[in-house]
Amino acid sequence: MAITATISVPLTSPTRRTLASLNNLFPHSPRSTLPIPRRTFKYPNSRLVASSMSTDAPVKSPSASFLNRLQTGFLHFAKYHGLGNDFILIDNRDSTEPRVTAEKAVQLCDRNFGVGADGVIFVLPGINGTDYTMRIFNSDGSEPEMCGNGVRCFAKFVSQLENLQGSHSFTVHTGAGLIIPEVLDDGNVRVDMGEPVLKASDVPTKLPANKDDAVVKSELVVDGVIWHVTCVSMGNPHCVTFSREGSQNLLVDELKLAEIGPKFEHHEVFPARTNTEFVQVLSKSHLKMRVWERGAGATLACGTGACATVVAAVLEGHAERSGIVQMLLCCISVLLFES
Ligand SMILES: N[C@@H](CCC[C@H](N)C(=O)O)C(=O)O
């Protein structure tokens, strides 16, 4: 059985003021060696663009693109977030190598001495016939295969870079394969997240498969406690837990995430480390989730994590095939369908 998860949720793009104030803040960072010009970006006049736009096909405006605003020697970036999962976006369309090293990404993501973000995302030229390539560094400098909220931010950033109006979509090469985000008329971004991978060795996890090739509600000892875990890859690895010995339904607000999260992330049964979702079942269509992300720690939301949560919930019999996953600030609605 094939399962496909689709997420479509509101996403916030940067305002003129956000971008300008980030640029002003950054030069004060004592560890920064990447100067940012103290000037306010000028955005294309949207009313002029709108006068010639079609809602069917994206149109490009000849007016100022992001690249035109670049000055040599400065790193230009935009800051986006999806439900509070925040990223620094870098226009890298002119090179196949990321403009910023993993080490520099760690500095940029620092919430006190850098810009502050859960990761840095690069818009690179497409490969294998795709329009673009997305690469991402987590805030610890590691490189994940895929990021659900990140690819939605990526889509909005590309629309801004290319000055695309109306509904449109493009093809993106990612470490998890081809992804096709769709920017909708209302500005939301919908992403078909593809089929989840359940085969234990492909997630990857060393836990023995107990349901066909998959690991479903298996016992895992973490910090001396037996947790029941289901392992899912959405291109990146996820370990989803709904219960532990002595507590059949987790109360996620009571978890000490910063203590327990790293113990899952670095557990020996996860050779590529793992993202972990702690989930409380509120109803068959309402799951409350807190996430500890591989390479980024506790984040406010996680797109691949929301999808993995619903896949695991269906496998464990906690939920229907569509529902909402409530995270710290917002909800993601996830729909699983057969392909
Ligand atoms: N927040 C992301 C996932 C980002 C990658 C993750 N930290 C990993 O290392 O796999 C999302 O929205 O999916």
# chains A, B, ... in the order shown; residues from 1 in each chain; ligands from 1
>>> residues_near_ligand(ligand="ligand 1", cutoff="9 Å", atoms="only C-alpha atoms and all ligand atoms", output="ChimeraX atom specification")
/A:82,85-86,118-119,136-139,142-152,234-238,273-275,292-297,299-307
>>> write_last_selection(atoms="N, CA and C atoms", output="tab-separated table (two decimals), in the first residue's frame")
chain	number	residue	atom	x	y	z
A	82	GLY	N	7.82	28.75	8.62
A	82	GLY	CA	6.58	27.99	8.42
A	82	GLY	C	6.13	27.56	9.79
A	85	ASN	N	8.80	27.46	12.41
A	85	ASN	CA	10.00	26.71	12.04
A	85	ASN	C	10.74	27.63	11.06
A	86	ASP	N	11.84	28.24	11.53
A	86	ASP	CA	12.38	29.39	10.78
A	86	ASP	C	13.71	29.11	10.08
A	118	ASP	N	16.40	27.86	12.54
A	118	ASP	CA	16.51	26.39	12.67
A	118	ASP	C	17.36	25.80	11.57
A	119	GLY	N	17.63	26.59	10.52
A	119	GLY	CA	18.44	26.07	9.43
A	119	GLY	C	18.70	27.11	8.36
A	136	ILE	N	19.98	22.18	2.40
A	136	ILE	CA	19.70	22.79	3.70
A	136	ILE	C	20.75	22.34	4.71
A	137	PHE	N	21.17	23.26	5.54
A	137	PHE	CA	21.98	22.90	6.71
A	137	PHE	C	21.13	23.10	7.95
A	138	ASN	N	21.10	22.09	8.81
A	138	ASN	CA	20.49	22.26	10.13
A	138	ASN	C	21.30	23.27	10.93
A	139	SER	N	20.76	23.70	12.06
A	139	SER	CA	21.49	24.70	12.86
A	139	SER	C	22.76	24.13	13.49
A	142	SER	N	24.71	19.99	10.19
A	142	SER	CA	24.47	18.73	9.44
A	142	SER	C	23.50	19.01	8.29
A	143	GLU	N	23.52	18.12	7.31
A	143	GLU	CA	22.69	18.35	6.12
A	143	GLU	C	21.59	17.30	6.01
A	144	PRO	N	20.34	17.68	6.26
A	144	PRO	CA	19.25	16.71	6.11
A	144	PRO	C	18.87	16.53	4.65
A	145	GLU	N	18.16	15.45	4.38
A	145	GLU	CA	17.73	15.14	3.01
A	145	GLU	C	16.55	16.00	2.61
A	146	MET	N	15.72	16.36	3.59
A	146	MET	CA	14.44	16.97	3.25
A	146	MET	C	13.93	17.79	4.42
A	147	CYS	N	13.12	18.76	4.13
A	147	CYS	CA	12.52	19.59	5.17
A	147	CYS	C	11.18	20.10	4.65
A	148	GLY	N	10.11	19.70	5.30
A	148	GLY	CA	8.76	20.04	4.82
A	148	GLY	C	8.45	21.53	4.90
A	149	ASN	N	8.62	22.11	6.07
A	149	ASN	CA	8.40	23.55	6.18
A	149	ASN	C	9.42	24.31	5.34
A	150	GLY	N	10.63	23.77	5.30
A	150	GLY	CA	11.69	24.43	4.53
A	150	GLY	C	11.35	24.52	3.06
A	151	VAL	N	10.77	23.47	2.51
A	151	VAL	CA	10.50	23.49	1.07
A	151	VAL	C	9.34	24.45	0.78
A	152	ARG	N	8.44	24.64	1.75
A	152	ARG	CA	7.38	25.64	1.56
A	152	ARG	C	7.98	27.06	1.57
A	234	MET	N	10.42	10.22	5.95
A	234	MET	CA	9.77	11.07	4.94
A	234	MET	C	10.87	11.64	4.04
A	235	GLY	N	11.87	10.81	3.79
A	235	GLY	CA	13.10	11.28	3.14
A	235	GLY	C	14.14	11.50	4.22
A	236	ASN	N	13.70	11.96	5.37
A	236	ASN	CA	14.55	12.05	6.57
A	236	ASN	C	13.94	11.17	7.67
A	237	PRO	N	14.78	10.74	8.61
A	237	PRO	CA	14.30	9.73	9.58
A	237	PRO	C	13.48	10.31	10.73
A	238	HIS	N	12.42	9.59	11.08
A	238	HIS	CA	11.57	10.01	12.20
A	238	HIS	C	11.27	8.81	13.08
A	273	ARG	N	21.15	9.20	13.11
A	273	ARG	CA	20.42	9.98	14.11
A	273	ARG	C	18.93	10.02	13.73
A	274	THR	N	18.13	10.72	14.51
A	274	THR	CA	16.71	10.75	14.14
A	274	THR	C	16.03	12.00	14.66
A	275	ASN	N	14.97	12.38	13.96
A	275	ASN	CA	14.00	13.34	14.49
A	275	ASN	C	13.04	12.53	15.35
A	292	TRP	N	11.47	16.92	18.63
A	292	TRP	CA	12.90	17.16	18.84
A	292	TRP	C	13.57	16.85	17.51
A	293	GLU	N	14.06	17.87	16.86
A	293	GLU	CA	14.61	17.65	15.52
A	293	GLU	C	16.09	17.29	15.55
A	294	ARG	N	16.43	16.34	14.73
A	294	ARG	CA	17.83	16.01	14.49
A	294	ARG	C	18.55	17.29	14.03
A	295	GLY	N	19.63	17.60	14.68
A	295	GLY	CA	20.45	18.73	14.20
A	295	GLY	C	19.90	20.11	14.48
A	296	ALA	N	18.74	20.19	15.11
A	296	ALA	CA	18.16	21.52	15.38
A	296	ALA	C	17.52	21.61	16.75
A	297	GLY	N	17.28	20.48	17.40
A	297	GLY	CA	16.69	20.48	18.74
A	297	GLY	C	15.19	20.73	18.71
A	299	THR	N	11.98	22.46	18.00
A	299	THR	CA	11.53	23.50	17.08
A	299	THR	C	10.02	23.67	17.26
A	300	LEU	N	9.50	24.77	16.76
A	300	LEU	CA	8.08	25.05	16.97
A	300	LEU	C	7.19	24.20	16.08
A	301	ALA	N	7.74	23.70	14.99
A	301	ALA	CA	6.94	22.89	14.06
A	301	ALA	C	7.87	22.10	13.15
A	302	CYS	N	7.34	21.05	12.57
A	302	CYS	CA	8.14	20.24	11.65
A	302	CYS	C	7.19	19.60	10.63
A	303	GLY	N	7.37	19.94	9.37
A	303	GLY	CA	6.48	19.45	8.32
A	303	GLY	C	6.62	17.96	8.09
A	304	THR	N	7.87	17.50	7.92
A	304	THR	CA	8.05	16.06	7.72
A	304	THR	C	7.61	15.32	8.98
A	305	GLY	N	7.83	15.96	10.14
A	305	GLY	CA	7.43	15.35	11.41
A	305	GLY	C	5.92	15.20	11.52
A	306	ALA	N	5.19	16.20	11.05
A	306	ALA	CA	3.72	16.13	11.08
A	306	ALA	C	3.24	14.97	10.20
A	307	CYS	N	3.86	14.85	9.03
A	307	CYS	CA	3.47	13.76	8.12
A	307	CYS	C	3.80	12.40	8.74
>>> closest_atom_pairs(of="region 147-242 of chain A", to="region 315-333 of chain A", cutoff="9 Å", atoms="only C-alpha atoms", output="JSON lines")
{"residue": "A:Val216", "atom": "CA", "partner": "A:Glu316", "partner_atom": "CA", "distance": 6.9}
{"residue": "A:Lys217", "atom": "CA", "partner": "A:Glu316", "partner_atom": "CA", "distance": 6.7}
{"residue": "A:Thr230", "atom": "CA", "partner": "A:Glu316", "partner_atom": "CA", "distance": 8.0}
{"residue": "A:Phe242", "atom": "CA", "partner": "A:His318", "partner_atom": "CA", "distance": 9.0}
>>> closest_residue(among="A:Leu108, A:Leu89, A:Leu178, A:Leu287", to="Ala155 (chain A)", atoms="only C-alpha atoms")
A:Leu89
>>> atom_distance(atom1="CA of Ser169 (chain A)", atom2="CA of Asp131 (chain A)")
10.0 Å
>>> closest_residue(among="A:Val310, A:Cys239, A:Ile90, A:Cys153", to="Arg190 (chain A)", atoms="only C-alpha atoms")
A:Cys153
>>> select_by_dssp(residues="region 71-259 of chain A", states="alpha helix (DSSP H)", output="PyMOL selection string")
chain A and resi 102-109+148-162+257-259
>>> write_last_selection(atoms="N, CA and C atoms", output="PDB file, in the first residue's frame")
ATOM      1  N   ALA A 102      29.023  24.849   6.084  1.00  0.00           N
ATOM      2  CA  ALA A 102      28.247  24.309   7.210  1.00  0.00           C
ATOM      3  C   ALA A 102      28.639  25.028   8.503  1.00  0.00           C
ATOM      4  N   GLU A 103      29.924  25.322   8.653  1.00  0.00           N
ATOM      5  CA  GLU A 103      30.389  25.995   9.880  1.00  0.00           C
ATOM      6  C   GLU A 103      29.781  27.387   9.986  1.00  0.00           C
ATOM      7  N   LYS A 104      29.755  28.083   8.861  1.00  0.00           N
ATOM      8  CA  LYS A 104      29.189  29.438   8.844  1.00  0.00           C
ATOM      9  C   LYS A 104      27.683  29.388   9.096  1.00  0.00           C
ATOM     10  N   ALA A 105      27.049  28.323   8.604  1.00  0.00           N
ATOM     11  CA  ALA A 105      25.601  28.171   8.829  1.00  0.00           C
ATOM     12  C   ALA A 105      25.315  28.052  10.329  1.00  0.00           C
ATOM     13  N   VAL A 106      26.188  27.343  11.031  1.00  0.00           N
ATOM     14  CA  VAL A 106      26.011  27.206  12.479  1.00  0.00           C
ATOM     15  C   VAL A 106      26.028  28.593  13.131  1.00  0.00           C
ATOM     16  N   GLN A 107      26.971  29.423  12.704  1.00  0.00           N
ATOM     17  CA  GLN A 107      27.053  30.796  13.257  1.00  0.00           C
ATOM     18  C   GLN A 107      25.817  31.605  12.907  1.00  0.00           C
ATOM     19  N   LEU A 108      25.383  31.505  11.671  1.00  0.00           N
ATOM     20  CA  LEU A 108      24.213  32.281  11.239  1.00  0.00           C
ATOM     21  C   LEU A 108      22.965  31.875  12.030  1.00  0.00           C
ATOM     22  N   CYS A 109      22.861  30.589  12.336  1.00  0.00           N
ATOM     23  CA  CYS A 109      21.669  30.093  13.037  1.00  0.00           C
ATOM     24  C   CYS A 109      21.670  30.428  14.527  1.00  0.00           C
ATOM     25  N   GLY A 148      10.106  19.704   5.299  1.00  0.00           N
ATOM     26  CA  GLY A 148       8.763  20.038   4.818  1.00  0.00           C
ATOM     27  C   GLY A 148       8.454  21.527   4.898  1.00  0.00           C
ATOM     28  N   ASN A 149       8.625  22.109   6.074  1.00  0.00           N
ATOM     29  CA  ASN A 149       8.400  23.554   6.182  1.00  0.00           C
ATOM     30  C   ASN A 149       9.419  24.305   5.342  1.00  0.00           C
ATOM     31  N   GLY A 150      10.629  23.769   5.305  1.00  0.00           N
ATOM     32  CA  GLY A 150      11.691  24.430   4.533  1.00  0.00           C
ATOM     33  C   GLY A 150      11.353  24.519   3.060  1.00  0.00           C
ATOM     34  N   VAL A 151      10.768  23.468   2.507  1.00  0.00           N
ATOM     35  CA  VAL A 151      10.496  23.490   1.065  1.00  0.00           C
ATOM     36  C   VAL A 151       9.339  24.451   0.775  1.00  0.00           C
ATOM     37  N   ARG A 152       8.441  24.645   1.750  1.00  0.00           N
ATOM     38  CA  ARG A 152       7.385  25.645   1.557  1.00  0.00           C
ATOM     39  C   ARG A 152       7.983  27.057   1.574  1.00  0.00           C
ATOM     40  N   CYS A 153       8.910  27.279   2.505  1.00  0.00           N
ATOM     41  CA  CYS A 153       9.594  28.584   2.533  1.00  0.00           C
ATOM     42  C   CYS A 153      10.392  28.776   1.242  1.00  0.00           C
ATOM     43  N   PHE A 154      11.043  27.713   0.815  1.00  0.00           N
ATOM     44  CA  PHE A 154      11.816  27.716  -0.434  1.00  0.00           C
ATOM     45  C   PHE A 154      10.923  28.164  -1.592  1.00  0.00           C
ATOM     46  N   ALA A 155       9.694  27.609  -1.648  1.00  0.00           N
ATOM     47  CA  ALA A 155       8.782  27.931  -2.750  1.00  0.00           C
ATOM     48  C   ALA A 155       8.410  29.404  -2.734  1.00  0.00           C
ATOM     49  N   LYS A 156       8.139  29.936  -1.552  1.00  0.00           N
ATOM     50  CA  LYS A 156       7.782  31.357  -1.468  1.00  0.00           C
ATOM     51  C   LYS A 156       8.976  32.235  -1.838  1.00  0.00           C
ATOM     52  N   PHE A 157      10.154  31.813  -1.432  1.00  0.00           N
ATOM     53  CA  PHE A 157      11.364  32.590  -1.736  1.00  0.00           C
ATOM     54  C   PHE A 157      11.621  32.589  -3.244  1.00  0.00           C
ATOM     55  N   VAL A 158      11.477  31.419  -3.874  1.00  0.00           N
ATOM     56  CA  VAL A 158      11.661  31.346  -5.332  1.00  0.00           C
ATOM     57  C   VAL A 158      10.649  32.251  -6.033  1.00  0.00           C
ATOM     58  N   SER A 159       9.415  32.248  -5.559  1.00  0.00           N
ATOM     59  CA  SER A 159       8.398  33.115  -6.165  1.00  0.00           C
ATOM     60  C   SER A 159       8.829  34.571  -6.073  1.00  0.00           C
ATOM     61  N   GLN A 160       9.427  34.905  -4.944  1.00  0.00           N
ATOM     62  CA  GLN A 160       9.873  36.285  -4.761  1.00  0.00           C
ATOM     63  C   GLN A 160      11.081  36.587  -5.655  1.00  0.00           C
ATOM     64  N   LEU A 161      12.024  35.656  -5.687  1.00  0.00           N
ATOM     65  CA  LEU A 161      13.225  35.852  -6.515  1.00  0.00           C
ATOM     66  C   LEU A 161      12.872  36.012  -7.990  1.00  0.00           C
ATOM     67  N   GLU A 162      11.961  35.173  -8.443  1.00  0.00           N
ATOM     68  CA  GLU A 162      11.610  35.142  -9.866  1.00  0.00           C
ATOM     69  C   GLU A 162      10.416  36.055 -10.170  1.00  0.00           C
ATOM     70  N   LEU A 257      11.607  17.894  27.153  1.00  0.00           N
ATOM     71  CA  LEU A 257      12.064  17.621  25.789  1.00  0.00           C
ATOM     72  C   LEU A 257      13.580  17.757  25.635  1.00  0.00           C
ATOM     73  N   ALA A 258      14.137  18.790  26.241  1.00  0.00           N
ATOM     74  CA  ALA A 258      15.578  19.037  26.079  1.00  0.00           C
ATOM     75  C   ALA A 258      16.426  17.948  26.724  1.00  0.00           C
ATOM     76  N   GLU A 259      15.815  17.221  27.666  1.00  0.00           N
ATOM     77  CA  GLU A 259      16.554  16.125  28.309  1.00  0.00           C
ATOM     78  C   GLU A 259      16.419  14.834  27.523  1.00  0.00           C
TER      79      GLU A 259
END
>>> residues_around(residues="Asp213 (chain A)", least_positions_apart="5", cutoff="9 Å", atoms="only C-alpha atoms", output="list in words")
Leu198, Lys199, Ala200, Ser201 and Pro208 of chain A
